[in-house]
file input.cif (mmCIF, C-alpha atoms and all ligand atoms)
data_work
#
loop_
_atom_site.label_atom_id
_atom_site.label_comp_id
_atom_site.auth_asym_id
_atom_site.auth_seq_id
_atom_site.Cartn_x
_atom_site.Cartn_y
_atom_site.Cartn_z
CA MET A 746 89.05 115.37 122.64
CA SER A 747 90.09 112.77 120.12
CA GLY A 748 87.86 110.86 117.73
CA PHE A 749 84.24 111.65 116.88
CA SER A 750 82.21 113.48 119.50
CA ASP A 751 79.29 115.79 119.89
CA LYS A 752 80.24 119.30 121.02
CA GLY A 753 77.40 121.76 121.48
CA GLY A 754 75.11 119.69 119.29
CA VAL A 755 77.61 119.54 116.40
CA LEU A 756 79.55 116.39 115.53
CA HIS A 757 83.30 116.97 115.55
CA VAL A 758 86.28 114.94 114.45
CA ASP A 759 88.98 115.64 117.04
CA ASP A 760 88.79 119.46 117.36
CA VAL A 761 87.23 120.11 113.96
CA PRO A 762 83.47 120.54 113.35
CA LEU A 763 82.35 118.31 110.49
CA PRO A 764 80.34 121.12 108.82
CA ASP A 765 83.67 122.96 108.31
CA ILE A 766 85.03 119.95 106.46
CA ALA A 767 81.90 119.67 104.32
CA GLU A 768 82.17 123.34 103.44
CA GLN A 769 85.82 123.08 102.45
CA TYR A 770 85.85 119.74 100.63
CA GLY A 771 82.24 119.08 99.68
CA THR A 772 80.26 115.88 100.17
CA PRO A 773 80.38 112.96 100.07
CA CYS A 774 83.82 112.64 101.65
CA TYR A 775 85.65 110.25 103.94
CA VAL A 776 86.94 111.81 107.17
CA TYR A 777 89.47 110.02 109.37
CA SER A 778 90.79 110.68 112.87
CA ALA A 779 94.53 110.06 113.25
CA SER A 780 94.20 109.84 117.03
CA VAL A 781 91.73 106.95 116.82
CA ILE A 782 94.18 105.01 114.63
CA ARG A 783 96.99 105.68 117.13
CA ASP A 784 94.78 104.58 120.03
CA GLN A 785 93.77 101.37 118.30
CA PHE A 786 97.34 100.45 117.39
CA ASN A 787 98.44 101.09 120.96
CA ALA A 788 95.49 99.20 122.48
CA LEU A 789 96.38 96.03 120.59
CA LYS A 790 100.07 96.45 121.28
CA ASP A 791 99.45 97.11 124.98
CA ALA A 792 97.18 94.06 125.32
CA MET A 793 100.04 91.93 124.02
CA LYS A 794 102.57 93.72 126.25
CA ARG A 795 100.46 93.02 129.34
CA VAL A 796 100.53 89.28 128.74
CA LEU A 797 103.51 88.30 126.59
CA PRO A 798 107.15 88.72 127.70
CA ALA A 799 109.01 91.78 126.37
CA ASP A 800 111.31 89.71 124.18
CA ARG A 801 108.42 87.78 122.61
CA GLN A 802 106.22 90.62 121.40
CA PRO A 803 104.47 89.95 118.09
CA LEU A 804 105.20 91.96 114.97
CA LEU A 805 101.94 93.74 114.13
CA CYS A 806 101.63 93.86 110.35
CA TYR A 807 98.80 96.21 109.39
CA ALA A 808 96.61 94.54 106.73
CA CYS A 809 96.35 97.47 104.38
CA LYS A 810 93.49 96.13 102.29
CA ALA A 811 91.36 97.70 105.04
CA ASN A 812 92.52 101.19 104.11
CA SER A 813 95.53 101.73 101.90
CA ASN A 814 95.69 105.50 101.66
CA ILE A 815 99.37 106.35 101.71
CA ALA A 816 98.94 108.83 104.59
CA ILE A 817 97.29 106.17 106.75
CA LEU A 818 100.14 103.81 105.88
CA LYS A 819 102.68 106.47 106.85
CA LEU A 820 100.91 107.03 110.17
CA LEU A 821 101.06 103.32 110.99
CA GLN A 822 104.65 103.05 109.79
CA THR A 823 105.68 105.84 112.16
CA LEU A 824 104.00 103.91 115.00
CA GLY A 825 106.31 100.96 114.28
CA SER A 826 103.83 98.76 112.44
CA GLY A 827 104.78 96.20 109.81
CA LEU A 828 102.63 95.73 106.72
CA GLU A 829 100.59 92.88 105.27
CA ILE A 830 99.98 93.20 101.53
CA VAL A 831 97.89 91.28 99.00
CA SER A 832 98.92 92.80 95.68
CA GLU A 833 101.69 94.54 93.80
CA GLY A 834 99.70 97.74 94.21
CA GLU A 835 99.70 97.41 97.99
CA LEU A 836 103.44 96.68 97.94
CA PHE A 837 103.96 99.84 95.86
CA ARG A 838 101.94 101.89 98.33
CA GLY A 839 103.76 100.40 101.32
CA LEU A 840 107.21 101.12 99.92
CA LYS A 841 106.16 104.67 98.97
CA ALA A 842 104.91 105.18 102.53
CA GLY A 843 108.35 104.24 103.85
CA PHE A 844 107.93 100.62 104.99
CA SER A 845 111.14 98.68 104.53
CA GLY A 846 110.89 95.30 102.80
CA ASP A 847 111.90 93.46 105.95
CA LYS A 848 108.64 94.56 107.61
CA ILE A 849 106.36 93.52 104.74
CA ILE A 850 104.63 90.17 104.39
CA SER A 851 102.74 89.06 101.30
CA THR A 852 99.63 86.96 101.89
CA SER A 853 97.88 87.32 98.54
CA PHE A 854 95.89 84.38 97.29
CA GLY A 855 96.92 84.06 93.63
CA LYS A 856 100.32 85.75 93.46
CA ASN A 857 101.21 86.63 89.85
CA GLU A 858 104.66 86.86 88.27
CA SER A 859 104.98 90.61 88.37
CA GLU A 860 103.87 90.76 92.02
CA ILE A 861 106.22 87.95 93.10
CA LYS A 862 109.15 89.61 91.33
CA ALA A 863 108.35 93.00 92.85
CA CYS A 864 108.24 91.38 96.32
CA LEU A 865 111.55 89.62 95.69
CA ASN A 866 113.07 92.89 94.53
CA ALA A 867 111.87 94.58 97.72
CA GLU A 868 113.32 91.66 99.74
CA ILE A 869 110.14 91.34 101.76
CA LEU A 870 110.15 89.49 105.07
CA GLN A 871 108.14 86.53 103.79
CA PHE A 872 105.59 85.08 101.39
CA ASN A 873 102.64 83.27 102.96
CA VAL A 874 102.02 80.52 100.42
CA GLU A 875 98.58 79.36 99.33
CA SER A 876 99.32 76.46 96.95
CA PRO A 877 102.00 74.14 95.51
CA ASP A 878 102.01 75.96 92.15
CA GLU A 879 102.51 79.28 93.90
CA LEU A 880 105.48 77.77 95.78
CA ASN A 881 106.97 76.56 92.48
CA ASN A 882 106.58 80.01 90.94
CA ILE A 883 108.19 81.78 93.89
CA ASN A 884 111.14 79.37 93.77
CA LYS A 885 111.45 79.73 89.99
CA PHE A 886 111.40 83.55 89.95
CA ALA A 887 113.68 83.74 92.99
CA ALA A 888 116.19 81.48 91.17
CA GLU A 889 116.03 83.70 88.06
CA MET A 890 116.71 86.74 90.22
CA GLY A 891 119.38 85.14 92.41
CA LYS A 892 117.28 85.62 95.56
CA THR A 893 116.03 83.41 98.38
CA ALA A 894 112.44 83.83 99.57
CA ASN A 895 111.31 83.13 103.12
CA ILE A 896 108.15 81.03 103.02
CA LEU A 897 105.30 80.42 105.45
CA PHE A 898 102.55 78.00 104.52
CA ARG A 899 99.00 79.07 105.24
CA LEU A 900 97.10 76.42 107.12
CA ASN A 901 93.38 76.00 106.59
CA PRO A 902 92.37 74.90 110.12
CA ASP A 903 88.76 74.18 109.13
CA VAL A 904 87.20 76.43 111.76
CA SER A 905 84.39 78.88 111.50
CA GLY A 906 85.17 82.50 112.34
CA GLY A 907 84.07 85.87 111.05
CA GLY A 908 81.08 88.14 111.23
CA HIS A 909 79.57 87.09 107.88
CA SER A 910 79.98 84.04 105.66
CA LYS A 911 81.72 86.15 103.00
CA ILE A 912 84.44 87.15 105.46
CA ALA A 913 85.02 83.70 106.98
CA THR A 914 88.23 82.30 105.51
CA GLY A 915 89.24 79.28 107.60
CA ARG A 916 86.61 76.64 106.74
CA LYS A 917 87.54 73.67 104.61
CA GLU A 918 85.22 74.82 101.82
CA ASP A 919 87.02 78.18 101.60
CA LYS A 920 89.67 78.71 98.94
CA PHE A 921 92.29 79.76 101.48
CA GLY A 922 95.11 77.77 103.01
CA ASN A 923 96.35 74.19 102.82
CA THR A 924 95.59 71.12 104.90
CA ALA A 925 98.09 70.07 107.56
CA GLN A 926 98.92 66.98 105.51
CA ASP A 927 99.58 69.07 102.39
CA ILE A 928 101.81 71.41 104.38
CA ARG A 929 103.95 68.46 105.50
CA THR A 930 104.46 67.61 101.82
CA LEU A 931 105.06 71.24 100.88
CA TYR A 932 107.61 71.66 103.67
CA LYS A 933 109.49 68.62 102.36
CA LEU A 934 109.32 69.88 98.78
CA SER A 935 110.45 73.37 99.67
CA ASN A 936 113.39 72.05 101.67
CA GLU A 937 114.57 70.42 98.45
CA MET A 938 114.15 73.64 96.44
CA SER A 939 117.10 75.94 95.81
CA ASN A 940 115.61 79.41 96.32
CA VAL A 941 112.98 79.18 99.04
CA ASN A 942 113.50 78.92 102.75
CA PRO A 943 110.52 77.45 104.66
CA VAL A 944 110.32 79.21 108.02
CA GLY A 945 106.84 78.67 109.39
CA ILE A 946 103.07 78.49 109.32
CA SER A 947 100.32 81.10 109.04
CA ILE A 948 96.58 81.19 109.63
CA HIS A 949 93.84 83.78 109.19
CA ILE A 950 90.38 82.49 110.00
CA GLY A 951 88.23 85.47 109.07
CA SER A 952 87.31 89.03 109.85
CA GLN A 953 85.24 90.61 112.63
CA VAL A 954 85.83 87.52 114.82
CA SER A 955 84.39 88.35 118.21
CA GLN A 956 84.91 85.13 120.20
CA THR A 957 88.26 83.96 121.52
CA GLY A 958 86.62 80.53 121.27
CA ALA A 959 86.84 80.78 117.48
CA PHE A 960 90.60 81.38 117.58
CA LYS A 961 91.31 78.56 120.04
CA PRO A 962 90.83 75.53 117.75
CA ALA A 963 92.73 77.30 114.97
CA PHE A 964 95.67 78.02 117.30
CA GLU A 965 95.59 74.42 118.54
CA LYS A 966 95.72 73.05 115.00
CA LEU A 967 98.56 75.42 114.18
CA ALA A 968 100.48 74.29 117.27
CA GLU A 969 99.87 70.61 116.48
CA LEU A 970 101.27 71.10 113.01
CA VAL A 971 104.36 72.89 114.30
CA VAL A 972 105.10 69.88 116.53
CA ILE A 973 104.55 67.45 113.64
CA LEU A 974 106.84 69.41 111.31
CA ARG A 975 109.56 69.57 113.95
CA ASN A 976 109.23 65.82 114.48
CA ASP A 977 109.61 65.48 110.71
CA GLY A 978 112.95 67.23 111.20
CA TYR A 979 112.09 70.71 109.91
CA LYS A 980 112.70 74.15 111.38
CA VAL A 981 109.63 76.19 112.27
CA GLU A 982 110.74 79.63 113.38
CA ARG A 983 107.72 81.84 112.73
CA THR A 984 104.00 81.66 113.31
CA ASP A 985 101.71 84.24 111.74
CA ILE A 986 98.38 84.12 113.57
CA GLY A 987 96.49 86.47 111.24
CA GLY A 988 94.04 89.29 111.88
CA GLY A 989 90.29 89.36 112.31
CA PHE A 990 89.92 91.59 115.40
CA PRO A 991 86.44 93.10 115.53
CA ILE A 992 85.27 96.67 116.03
CA ALA A 993 81.96 98.04 117.28
CA TYR A 994 79.56 98.86 114.47
CA ASN A 995 76.47 98.69 116.65
CA ASP A 996 76.13 97.10 120.06
CA GLU A 997 77.94 93.85 119.29
CA GLN A 998 80.07 92.11 121.88
CA LEU A 999 83.74 92.69 121.17
CA LEU A 1000 86.70 90.38 121.49
CA ASP A 1001 88.29 90.50 124.91
CA LEU A 1002 91.83 91.43 123.87
CA ASP A 1003 93.32 90.29 127.17
CA ALA A 1004 91.66 86.90 126.82
CA TYR A 1005 92.95 86.73 123.25
CA ALA A 1006 96.48 87.60 124.43
CA ARG A 1007 96.24 84.89 127.11
CA LEU A 1008 95.27 82.40 124.41
CA VAL A 1009 98.35 83.41 122.45
CA ALA A 1010 100.41 83.00 125.63
CA ASP A 1011 98.93 79.56 126.34
CA ILE A 1012 99.09 78.03 122.88
CA ILE A 1013 101.46 79.97 120.61
CA LEU A 1014 104.12 81.26 123.01
CA PRO A 1015 105.36 77.77 124.07
CA LEU A 1016 106.14 77.02 120.41
CA ASP A 1017 109.09 79.38 120.77
CA THR A 1018 108.55 81.04 117.40
CA GLN A 1019 108.58 84.67 116.29
CA ILE A 1020 104.92 85.72 116.38
CA GLN A 1021 103.23 87.89 113.78
CA MET A 1022 99.72 89.32 113.58
CA GLU A 1023 97.80 90.92 110.69
CA PRO A 1024 95.18 93.33 112.06
CA GLY A 1025 93.33 95.42 109.48
CA ARG A 1026 89.82 96.49 110.44
CA TYR A 1027 90.72 96.95 114.11
CA MET A 1028 93.30 99.64 113.33
CA VAL A 1029 91.16 101.89 111.19
CA GLY A 1030 87.48 100.87 111.18
CA ASN A 1031 86.23 103.20 113.90
CA ALA A 1032 88.57 105.98 112.72
CA GLY A 1033 86.48 107.00 109.73
CA VAL A 1034 83.08 108.38 108.77
CA LEU A 1035 81.50 108.98 105.41
CA LEU A 1036 80.20 112.54 105.52
CA ALA A 1037 77.23 113.00 103.20
CA LYS A 1038 74.44 115.43 102.48
CA ALA A 1039 70.75 114.62 102.57
CA GLN A 1040 69.88 115.26 98.94
CA TYR A 1041 66.18 114.57 99.17
CA ILE A 1042 63.56 113.15 101.51
CA LYS A 1043 61.24 110.96 99.44
CA GLN A 1044 57.95 109.74 100.81
CA THR A 1045 56.31 106.71 99.18
CA PRO A 1046 53.15 104.90 100.30
CA SER A 1047 55.17 102.36 102.24
CA ARG A 1048 58.15 104.31 103.60
CA GLU A 1049 60.23 107.43 103.87
CA PHE A 1050 63.54 107.42 102.02
CA LEU A 1051 66.43 109.57 103.14
CA VAL A 1052 68.34 109.98 99.86
CA LEU A 1053 72.02 110.81 100.44
CA ASP A 1054 74.54 112.12 97.95
CA ALA A 1055 76.76 109.12 98.85
CA GLY A 1056 76.02 105.78 97.22
CA MET A 1057 76.98 102.13 97.30
CA ASN A 1058 79.87 102.95 94.99
CA ASP A 1059 81.36 104.99 97.87
CA LEU A 1060 80.59 102.38 100.55
CA ILE A 1061 79.59 98.89 99.47
CA ARG A 1062 79.66 97.04 102.80
CA PRO A 1063 75.93 97.29 103.57
CA THR A 1064 75.09 95.96 100.09
CA LEU A 1065 77.80 93.32 99.98
CA TYR A 1066 77.67 91.96 103.52
CA GLU A 1067 74.37 93.32 104.88
CA ALA A 1068 76.74 95.20 107.17
CA TYR A 1069 75.34 97.49 109.87
CA HIS A 1070 76.67 101.06 109.98
CA GLY A 1071 75.42 103.75 112.32
CA VAL A 1072 73.80 106.75 110.61
CA ARG A 1073 73.32 110.08 112.37
CA SER A 1074 72.82 113.71 111.57
CA VAL A 1075 75.81 115.99 112.12
CA LEU A 1076 73.74 118.69 113.83
CA ASN A 1077 71.89 117.29 116.76
CA HIS A 1078 69.49 120.19 117.30
CA ASN A 1079 66.41 118.34 116.16
CA THR A 1080 65.16 116.02 118.87
CA ASN A 1081 62.25 114.56 116.88
CA THR A 1082 63.05 111.15 115.50
CA LYS A 1083 61.89 109.55 112.27
CA THR A 1084 62.28 106.16 110.68
CA TYR A 1085 63.97 106.15 107.28
CA ASP A 1086 65.36 103.84 104.68
CA VAL A 1087 68.71 105.54 104.14
CA VAL A 1088 69.66 105.14 100.49
CA GLY A 1089 72.00 106.50 97.83
CA PRO A 1090 71.45 107.75 94.29
CA ILE A 1091 72.69 104.61 92.47
CA CYS A 1092 70.42 102.76 90.05
CA GLU A 1093 70.19 99.62 92.18
CA SER A 1094 67.54 98.67 94.69
CA GLY A 1095 70.39 97.35 96.84
CA ASP A 1096 71.83 100.85 97.21
CA ILE A 1097 70.76 100.98 100.85
CA PHE A 1098 72.89 102.05 103.82
CA ALA A 1099 70.28 101.38 106.50
CA LYS A 1100 66.78 99.97 106.42
CA HIS A 1101 63.98 101.09 108.68
CA ARG A 1102 66.37 103.13 110.86
CA GLU A 1103 65.14 105.53 113.50
CA ILE A 1104 67.34 108.64 113.69
CA ASN A 1105 66.93 112.33 114.45
CA GLU A 1106 64.73 113.95 111.85
CA VAL A 1107 66.69 115.16 108.83
CA ASN A 1108 65.79 117.86 106.30
CA ALA A 1109 67.06 118.16 102.75
CA ASN A 1110 70.63 119.62 102.68
CA ASP A 1111 71.38 118.53 106.25
CA LEU A 1112 74.68 116.77 106.84
CA VAL A 1113 74.67 113.11 107.84
CA VAL A 1114 77.45 110.67 108.69
CA ILE A 1115 77.69 106.96 108.12
CA GLN A 1116 79.86 105.71 110.94
CA SER A 1117 82.74 103.24 111.33
CA VAL A 1118 83.71 103.20 107.68
CA GLY A 1119 87.49 103.57 108.08
CA ALA A 1120 88.03 99.93 107.11
CA TYR A 1121 86.89 98.40 103.82
CA GLY A 1122 85.15 101.69 102.99
CA TYR A 1123 87.17 103.76 100.56
CA SER A 1124 89.38 100.77 99.72
CA MET A 1125 86.32 98.99 98.26
CA ALA A 1126 84.86 102.07 96.56
CA SER A 1127 84.33 102.13 92.81
CA ASN A 1128 83.35 104.40 89.95
CA TYR A 1129 80.05 102.55 89.40
CA ASN A 1130 77.47 104.75 87.70
CA SER A 1131 80.47 106.89 86.61
CA ARG A 1132 80.65 108.60 89.96
CA PRO A 1133 84.03 110.17 90.79
CA LEU A 1134 85.63 108.75 93.94
CA PRO A 1135 85.17 110.98 97.00
CA PRO A 1136 88.01 112.82 98.74
CA GLU A 1137 89.64 111.58 101.95
CA ILE A 1138 90.52 113.95 104.78
CA LEU A 1139 92.73 113.15 107.75
CA VAL A 1140 92.32 115.15 110.96
CA ASP A 1141 94.76 115.17 113.87
CA GLU A 1142 93.57 117.45 116.69
CA ASP A 1143 93.16 120.74 114.79
CA ASN A 1144 95.31 119.70 111.79
CA ILE A 1145 93.33 118.96 108.65
CA CYS A 1146 94.86 117.43 105.54
CA LEU A 1147 93.32 116.40 102.24
CA ILE A 1148 94.99 113.00 101.84
CA GLY A 1149 93.10 112.03 98.70
CA ARG A 1150 91.51 114.57 96.38
CA ARG A 1151 88.09 114.11 94.82
CA GLN A 1152 88.26 112.56 91.36
CA THR A 1153 87.22 114.83 88.52
CA LEU A 1154 84.99 113.93 85.59
CA GLU A 1155 88.12 114.00 83.39
CA ASP A 1156 89.72 111.39 85.72
CA LEU A 1157 86.84 109.08 84.86
CA ILE A 1158 87.85 108.82 81.20
CA ALA A 1159 91.57 109.58 81.48
CA ARG A 1160 92.63 105.98 80.81
CA GLU A 1161 90.06 105.26 78.14
CA ASN A 1162 90.46 105.48 74.37
CA ILE A 1163 88.13 105.59 71.38
CA PRO A 1164 89.39 103.34 68.54
CA LYS A 1165 90.39 105.21 65.33
CA TRP A 1166 87.98 103.05 63.34
CA LEU A 1167 84.91 104.38 65.13
C1 LIG B 1 95.35 87.03 105.16
C2 LIG B 1 94.64 88.16 105.82
N1 LIG B 1 95.22 88.74 106.87
C3 LIG B 1 94.63 89.78 107.52
C4 LIG B 1 93.40 90.27 107.10
C5 LIG B 1 92.81 91.41 107.86
O1 LIG B 1 91.64 91.05 108.49
P1 LIG B 1 90.95 92.08 109.51
O2 LIG B 1 90.74 93.34 108.76
O3 LIG B 1 89.69 91.42 109.88
O4 LIG B 1 91.89 92.23 110.65
C6 LIG B 1 92.76 89.66 106.03
C7 LIG B 1 91.44 90.16 105.61
O5 LIG B 1 90.78 89.70 104.74
C8 LIG B 1 93.40 88.59 105.35
O6 LIG B 1 92.83 87.99 104.30
#
call {"tool": "encode", "arguments": {"input": "input.cif", "output": "structure tokens"}}
result
Amino acid sequence: MSGFSDKGGVLHVDDVPLPDIAEQYGTPCYVYSASVIRDQFNALKDAMKRVLPADRQPLLCYACKANSNIAILKLLQTLGSGLEIVSEGELFRGLKAGFSGDKIISTSFGKNESEIKACLNAEILQFNVESPDELNNINKFAAEMGKTANILFRLNPDVSGGGHSKIATGRKEDKFGNTAQDIRTLYKLSNEMSNVNPVGISIHIGSQVSQTGAFKPAFEKLAELVVILRNDGYKVERTDIGGGFPIAYNDEQLLDLDAYARLVADIILPLDTQIQMEPGRYMVGNAGVLLAKAQYIKQTPSREFLVLDAGMNDLIRPTLYEAYHGVRSVLNHNTNTKTYDVVGPICESGDIFAKHREINEVNANDLVVIQSVGAYGYSMASNYNSRPLPPEILVDEDNICLIGRRQTLEDLIARENIPKWL
């Protein structure tokens, strides 16, 4: 059976019991299921296939900020995915994983010189442009290098979408995108530039967007702008409709993918453009757990703390976004439940994974998982409190591979230097 499931009271990933992984690699560690990633990629692709004609299928460009481990990238590349990148580092990873430049799109917000030049060198499919100065820089560097860059302009549609205000990106007060009026000007400007080729419009309204109703006004504004630009006499060949597809963390209502695909068919398809999408979280979020050990159980007058050996440096989402993640013990033999504050060892009161959470009773040294951490988990981890980054393990049926080793203490100081004068 693929994914995470209970077999005989022991939580497994695919065919592998999680205690075996803890024994071999130690805790805390990230554990991913390759089959879940495959299933998610295919579910999104199939939803589009059911509704959109065969010759108008969107290019799915995995947004690798969600999880940029090179093995995960390789897995998605073999499935036929494209790649959305937001830094030179992500470009480097993508190329190493085997993505060809013509399947990579750059959507970063403040593209720097080195990143733009690296993207031009890799002859990426397109740059999604955030501002006039960025456009000027891309044109300038492309001219220096004798290249031509395909450009999409990111529209800020001024709509609210996203599961938390820090992951909503399409409101007018957000830093992202340009107004429709500004894009008309930018299209004109770029048509007069020597080394950029304006080809379309992009949007991305936020992450964990669960209502098709949130996408609708954004799509409509995108479509309106395409018509205006064409009336202005410009070519609009591509529309990039972003990511934002939600996953289940708890019992939230999920986006109806078929309804979403119908919305694309109703509003985007008639524009007769190539369609691109940038799913991140959806591909990998439910494919990963953070496997940890209960270090201590600490009772105070007001509550009982379950102290894990994983901390907010390993998984910052609960602290940063008040994000909900399921927590459960790996062995399900104990049927008594208890209510804990599940915390880590970091010197911050905010180092909390779950507050007032009722789960099966846990004893010190028991294994516990924090669920649905495949997206924005490891990729947001840090060395805070000088804690080495945890290992990452990919499981595919009964295949187990260490795809990222645990950092050592020496790794922590490897790039540091004490001045001679001290
Ligand atoms: C431009 C852009 N595209 C795609 C994504 C991926 O979003 P999600 O992981 O919600 O699909 C993001 C996430 O921040 C983004 O900024």
call {"tool": "residues_near_ligand", "arguments": {"input": "input.cif", "ligand": "ligand LIG 1 (chain B)", "cutoff": "9 Å", "atoms": "all atoms listed in the file", "output": "PDB file with C-alpha atoms, in the frame of the given file"}}
result
ATOM      1  CA  CYS A 806     101.630  93.860 110.350  1.00  0.00           C
ATOM      2  CA  TYR A 807      98.800  96.210 109.390  1.00  0.00           C
ATOM      3  CA  ALA A 808      96.610  94.540 106.730  1.00  0.00           C
ATOM      4  CA  CYS A 809      96.350  97.470 104.380  1.00  0.00           C
ATOM      5  CA  LYS A 810      93.490  96.130 102.290  1.00  0.00           C
ATOM      6  CA  ALA A 811      91.360  97.700 105.040  1.00  0.00           C
ATOM      7  CA  GLU A 829     100.590  92.880 105.270  1.00  0.00           C
ATOM      8  CA  ILE A 830      99.980  93.200 101.530  1.00  0.00           C
ATOM      9  CA  VAL A 831      97.890  91.280  99.000  1.00  0.00           C
ATOM     10  CA  SER A 851     102.740  89.060 101.300  1.00  0.00           C
ATOM     11  CA  THR A 852      99.630  86.960 101.890  1.00  0.00           C
ATOM     12  CA  SER A 853      97.880  87.320  98.540  1.00  0.00           C
ATOM     13  CA  PHE A 854      95.890  84.380  97.290  1.00  0.00           C
ATOM     14  CA  ASN A 873     102.640  83.270 102.960  1.00  0.00           C
ATOM     15  CA  ARG A 899      99.000  79.070 105.240  1.00  0.00           C
ATOM     16  CA  GLY A 907      84.070  85.870 111.050  1.00  0.00           C
ATOM     17  CA  ILE A 912      84.440  87.150 105.460  1.00  0.00           C
ATOM     18  CA  ALA A 913      85.020  83.700 106.980  1.00  0.00           C
ATOM     19  CA  THR A 914      88.230  82.300 105.510  1.00  0.00           C
ATOM     20  CA  PHE A 921      92.290  79.760 101.480  1.00  0.00           C
ATOM     21  CA  SER A 947     100.320  81.100 109.040  1.00  0.00           C
ATOM     22  CA  ILE A 948      96.580  81.190 109.630  1.00  0.00           C
ATOM     23  CA  HIS A 949      93.840  83.780 109.190  1.00  0.00           C
ATOM     24  CA  ILE A 950      90.380  82.490 110.000  1.00  0.00           C
ATOM     25  CA  GLY A 951      88.230  85.470 109.070  1.00  0.00           C
ATOM     26  CA  SER A 952      87.310  89.030 109.850  1.00  0.00           C
ATOM     27  CA  GLN A 953      85.240  90.610 112.630  1.00  0.00           C
ATOM     28  CA  VAL A 954      85.830  87.520 114.820  1.00  0.00           C
ATOM     29  CA  ILE A 986      98.380  84.120 113.570  1.00  0.00           C
ATOM     30  CA  GLY A 987      96.490  86.470 111.240  1.00  0.00           C
ATOM     31  CA  GLY A 988      94.040  89.290 111.880  1.00  0.00           C
ATOM     32  CA  GLY A 989      90.290  89.360 112.310  1.00  0.00           C
ATOM     33  CA  PHE A 990      89.920  91.590 115.400  1.00  0.00           C
ATOM     34  CA  PRO A 991      86.440  93.100 115.530  1.00  0.00           C
ATOM     35  CA  MET A1022      99.720  89.320 113.580  1.00  0.00           C
ATOM     36  CA  GLU A1023      97.800  90.920 110.690  1.00  0.00           C
ATOM     37  CA  PRO A1024      95.180  93.330 112.060  1.00  0.00           C
ATOM     38  CA  GLY A1025      93.330  95.420 109.480  1.00  0.00           C
ATOM     39  CA  ARG A1026      89.820  96.490 110.440  1.00  0.00           C
ATOM     40  CA  TYR A1027      90.720  96.950 114.110  1.00  0.00           C
ATOM     41  CA  MET A1028      93.300  99.640 113.330  1.00  0.00           C
ATOM     42  CA  VAL A1029      91.160 101.890 111.190  1.00  0.00           C
ATOM     43  CA  GLY A1030      87.480 100.870 111.180  1.00  0.00           C
ATOM     44  CA  ALA A1120      88.030  99.930 107.110  1.00  0.00           C
ATOM     45  CA  TYR A1121      86.890  98.400 103.820  1.00  0.00           C
TER      46      TYR A1121
END
call {"tool": "closest_atom_pairs", "arguments": {"input": "input.cif", "of": "region 1090-1139 of chain A", "to": "region 750-759 of chain A", "cutoff": "12 Å", "atoms": "all atoms listed in the file", "output": "CSV"}}
result
residue,atom,partner,partner_atom,distance
A:Asp1111,CA,A:Val755,CA,12.0
A:Leu1112,CA,A:Leu756,CA,10.0
A:Val1113,CA,A:Leu756,CA,9.7
A:Val1114,CA,A:Leu756,CA,9.2
A:Gln1116,CA,A:Leu756,CA,11.6
A:Ile1138,CA,A:Val758,CA,10.6
A:Leu1139,CA,A:Val758,CA,9.5
call {"tool": "residues_around", "arguments": {"input": "input.cif", "residues": "Ser905 (chain A)", "least_positions_apart": "3", "cutoff": "7 Å", "atoms": "all atoms listed in the file", "output": "ChimeraX atom specification"}}
result
/A:913,915-916,959
call {"tool": "write_last_selection", "arguments": {"input": "input.cif", "atoms": "C-alpha atoms", "output": "PDB file, in the coordinates of the input"}}
result
ATOM      1  CA  ALA A 913      85.020  83.700 106.980  1.00  0.00           C
ATOM      2  CA  GLY A 915      89.240  79.280 107.600  1.00  0.00           C
ATOM      3  CA  ARG A 916      86.610  76.640 106.740  1.00  0.00           C
ATOM      4  CA  ALA A 959      86.840  80.780 117.480  1.00  0.00           C
TER       5      ALA A 959
END
call {"tool": "atom_distance", "arguments": {"input": "input.cif", "atom1": "CA of Ala1032 (chain A)", "atom2": "CA of Ile782 (chain A)"}}
result
6.0 Å
call {"tool": "closest_residue", "arguments": {"input": "input.cif", "among": "A:Asp847, A:Asp1054, A:Glu1137, A:Asp919", "to": "Asp1096 (chain A)", "atoms": "all atoms listed in the file"}}
result
A:Asp1054
call {"tool": "closest_residue", "arguments": {"input": "input.cif", "among": "A:Gly1095, A:Gly1071, A:Gly1033, A:Gly771", "to": "Asn812 (chain A)", "atoms": "all atoms listed in the file"}}
result
A:Gly1033
call {"tool": "closest_residue", "arguments": {"input": "input.cif", "among": "A:Leu931, A:Val1087, A:Leu900, A:Met938", "to": "Lys1043 (chain A)", "atoms": "all atoms listed in the file"}}
result
A:Val1087
call {"tool": "atom_distance", "arguments": {"input": "input.cif", "atom1": "CA of Ile849 (chain A)", "atom2": "CA of Ala867 (chain A)"}}
result
9.0 Å
call {"tool": "residues_around", "arguments": {"input": "input.cif", "residues": "Gln1021 (chain A)", "least_positions_apart": "3", "cutoff": "7 Å", "atoms": "all atoms listed in the file", "output": "ChimeraX atom specification"}}
result
/A:803-805,984-986
